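Taking it in order: structure first as structure tokens, then the write-up.
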Amino acid sequence: MFTRIDTVFLQVTGLGKAIEWYSTLLGFPVRWKDEQGGYAALEVGETPLTLVHSEKVIPSSHMPFNFYVSDIEEAHQHLAGHKVKTSPIQDDGTVKWFEFEDPDGNKLGVCHFKE
């Protein structure tokens, strides 16, 4: 019946600022945007990330999803080098991961599975 997650929604307070941050810093191209309506969909593999304008963002205490990367050390270094708040890389022997925050304080995850 259900075959995939079609999109993931994330609230942001400044849509233009958020589009710039996600597309420039994280490299996600804009698929479409409706700034007047308060939405922008970014290309992130098969499942787009849709930014939704909100007057106030209350970040979750837990990251809602992970971005997968092939080189987690490079991703961590890239974000930290751009002064993004990041946690240390964790390693449980199978999965490596870390958390970071966007400008609205949304907690996001990055993971890499050992092969």
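For the structure tokens, the naming scheme is as follows: chains receive sequential letters (A, B, ...) according to their order of presentation, residues are indexed from 1 within each chain, and ligands are indexed from 1 in presentation order.
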
When DSSP is applied to the backbone of this structure, which of chain A are assigned strand (DSSP E)? Write them out as a PyMOL selection string. chain A and resi 8-12+30-34+39-42+49-53+66-68+90-91+95-101+107-113

Which residues are close to Gln90 of chain A, i.e. within 12 Å by only C-alpha atoms, leaving aside same-chain residues fewer than 2 positions away? Reply as a list in words.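 That gives Ile72, Glu73, His76, Thr86, Ser87, Pro88, Asp92, Gly93, Thr94, Val95, Lys96, Trp97, Phe98, Glu99, Gly109, Val110, Cys111, His112 and Phe113 of chain A.
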
Restricting the output to C-alpha atoms, write the selected residues as a PDB file, in the first residue's frame.
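Full text of again_12.pdb as output:
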ATOM      1  CA  ILE A  72      30.929  11.310   8.006  1.00  0.00           C
ATOM      2  CA  GLU A  73      34.230  12.880   9.066  1.00  0.00           C
ATOM      3  CA  HIS A  76      31.301  16.909  10.295  1.00  0.00           C
ATOM      4  CA  THR A  86      27.524  20.039  15.940  1.00  0.00           C
ATOM      5  CA  SER A  87      27.830  17.222  18.440  1.00  0.00           C
ATOM      6  CA  PRO A  88      30.871  14.932  18.426  1.00  0.00           C
ATOM      7  CA  ASP A  92      28.601   2.160  18.100  1.00  0.00           C
ATOM      8  CA  GLY A  93      30.694  -0.167  15.929  1.00  0.00           C
ATOM      9  CA  THR A  94      28.064  -0.395  13.181  1.00  0.00           C
ATOM     10  CA  VAL A  95      26.777   3.147  12.747  1.00  0.00           C
ATOM     11  CA  LYS A  96      28.504   6.509  13.092  1.00  0.00           C
ATOM     12  CA  TRP A  97      26.372   9.578  13.635  1.00  0.00           C
ATOM     13  CA  PHE A  98      26.265  13.138  14.895  1.00  0.00           C
ATOM     14  CA  GLU A  99      23.703  15.878  15.350  1.00  0.00           C
ATOM     15  CA  GLY A 109      21.167  14.027  12.216  1.00  0.00           C
ATOM     16  CA  VAL A 110      23.917  12.713   9.985  1.00  0.00           C
ATOM     17  CA  CYS A 111      24.715   9.012   9.818  1.00  0.00           C
ATOM     18  CA  HIS A 112      27.003   6.537   8.084  1.00  0.00           C
ATOM     19  CA  PHE A 113      26.657   2.753   8.197  1.00  0.00           C
TER      20      PHE A 113
END

Could you list, as a PyMOL selection string, every residue within 12 Å of His82 of chain A, counting only C-alpha atoms and ignoring same-chain residues fewer than 6 positions away? chain A and resi 21+24-26+75-76+100-103

When distances are computed from only C-alpha atoms, which of A:Ile19, A:Met63, A:Val84, A:Val44 shows the smallest separation from Thr7 of chain A? A:Val44

Name all residues at most 12 Å from Gly37 of chain A (count only C-alpha atoms; drop same-chain ones fewer than 5 positions away) and give them as a list of chain:residue names.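 Here the answer would be A:Leu15, A:Trp32, A:Leu51, A:Val52, A:His53, A:Ser54.
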
Deliver the residues from the most recent selection as a file, using all heavy atoms, as a short mmCIF file (atom, residue, chain, number, x, y, z; two decimals), in the first residue's frame.
data_model
loop_
_atom_site.label_atom_id
_atom_site.label_comp_id
_atom_site.auth_asym_id
_atom_site.auth_seq_id
_atom_site.Cartn_x
_atom_site.Cartn_y
_atom_site.Cartn_z
N LEU A 15 11.91 31.91 5.52
CA LEU A 15 12.00 30.98 4.39
C LEU A 15 13.17 31.30 3.47
O LEU A 15 13.95 30.41 3.12
CB LEU A 15 10.68 30.95 3.61
CG LEU A 15 10.59 29.89 2.52
CD1 LEU A 15 10.71 28.49 3.11
CD2 LEU A 15 9.28 30.03 1.76
N TRP A 32 11.38 23.39 -6.11
CA TRP A 32 10.38 24.43 -6.35
C TRP A 32 10.20 25.24 -5.08
O TRP A 32 10.54 24.80 -3.99
CB TRP A 32 9.03 23.87 -6.82
CG TRP A 32 8.35 22.96 -5.85
CD1 TRP A 32 8.42 21.60 -5.81
CD2 TRP A 32 7.52 23.34 -4.73
NE1 TRP A 32 7.68 21.11 -4.75
CE2 TRP A 32 7.10 22.16 -4.07
CE3 TRP A 32 7.07 24.55 -4.22
CZ2 TRP A 32 6.30 22.17 -2.95
CZ3 TRP A 32 6.25 24.56 -3.10
CH2 TRP A 32 5.87 23.37 -2.48
N LEU A 51 10.71 22.92 3.25
CA LEU A 51 10.78 23.93 4.30
C LEU A 51 9.44 24.65 4.33
O LEU A 51 8.90 25.01 3.29
CB LEU A 51 11.91 24.92 4.00
CG LEU A 51 13.30 24.31 3.82
CD1 LEU A 51 14.30 25.39 3.42
CD2 LEU A 51 13.75 23.58 5.07
N VAL A 52 8.91 24.84 5.53
CA VAL A 52 7.61 25.47 5.73
C VAL A 52 7.79 26.68 6.63
O VAL A 52 8.31 26.55 7.74
CB VAL A 52 6.62 24.49 6.39
CG1 VAL A 52 5.25 25.14 6.57
CG2 VAL A 52 6.52 23.20 5.61
N HIS A 53 7.36 27.85 6.14
CA HIS A 53 7.47 29.06 6.95
C HIS A 53 6.55 28.99 8.16
O HIS A 53 5.38 28.58 8.05
CB HIS A 53 7.12 30.31 6.13
CG HIS A 53 7.11 31.54 6.98
ND1 HIS A 53 8.26 32.13 7.43
CD2 HIS A 53 6.09 32.25 7.50
CE1 HIS A 53 7.95 33.17 8.18
NE2 HIS A 53 6.62 33.26 8.24
N SER A 54 7.08 29.38 9.32
CA SER A 54 6.31 29.43 10.55
C SER A 54 6.75 30.67 11.31
O SER A 54 7.93 31.04 11.25
CB SER A 54 6.59 28.17 11.38
OG SER A 54 5.90 28.22 12.60
#

Pick from A:Glu35, A:Val8, A:Glu20, A:Leu108 nearest to Leu79 of chain A, counting only C-alpha atoms: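 Result for the nearest residue to Leu79 of chain A: A:Leu108.
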
Option closest in space to Glu74 of chain A, from A:Ile58, A:Ile89, A:Ala18, A:Met1 [counting only C-alpha atoms]: A:Ile89

Enter the distance from atom CA of Lys85 of chain A to atom CA of Pro29 of chain A, in Å, rounded to one decimal. 22.4 Å

Just the alpha helix (DSSP H) stuff from chain A, please, per backbone DSSP, written as a list in words.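 Filtering chain A to alpha helix (DSSP H) leaves Leu15, Gly16, Lys17, Ala18, Ile19, Glu20, Trp21, Tyr22, Ser23, Thr24, Ile72, Glu73, Glu74, Ala75, His76, Gln77, His78, Leu79, Ala80 and Gly81 of chain A.
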
Gap from atom CA of Pro48 of chain A to atom CA of Phe9 of chain A - Å, one decimal: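 Going from atom CA of Pro48 of chain A over to atom CA of Phe9 of chain A, I get 8.7 Å.
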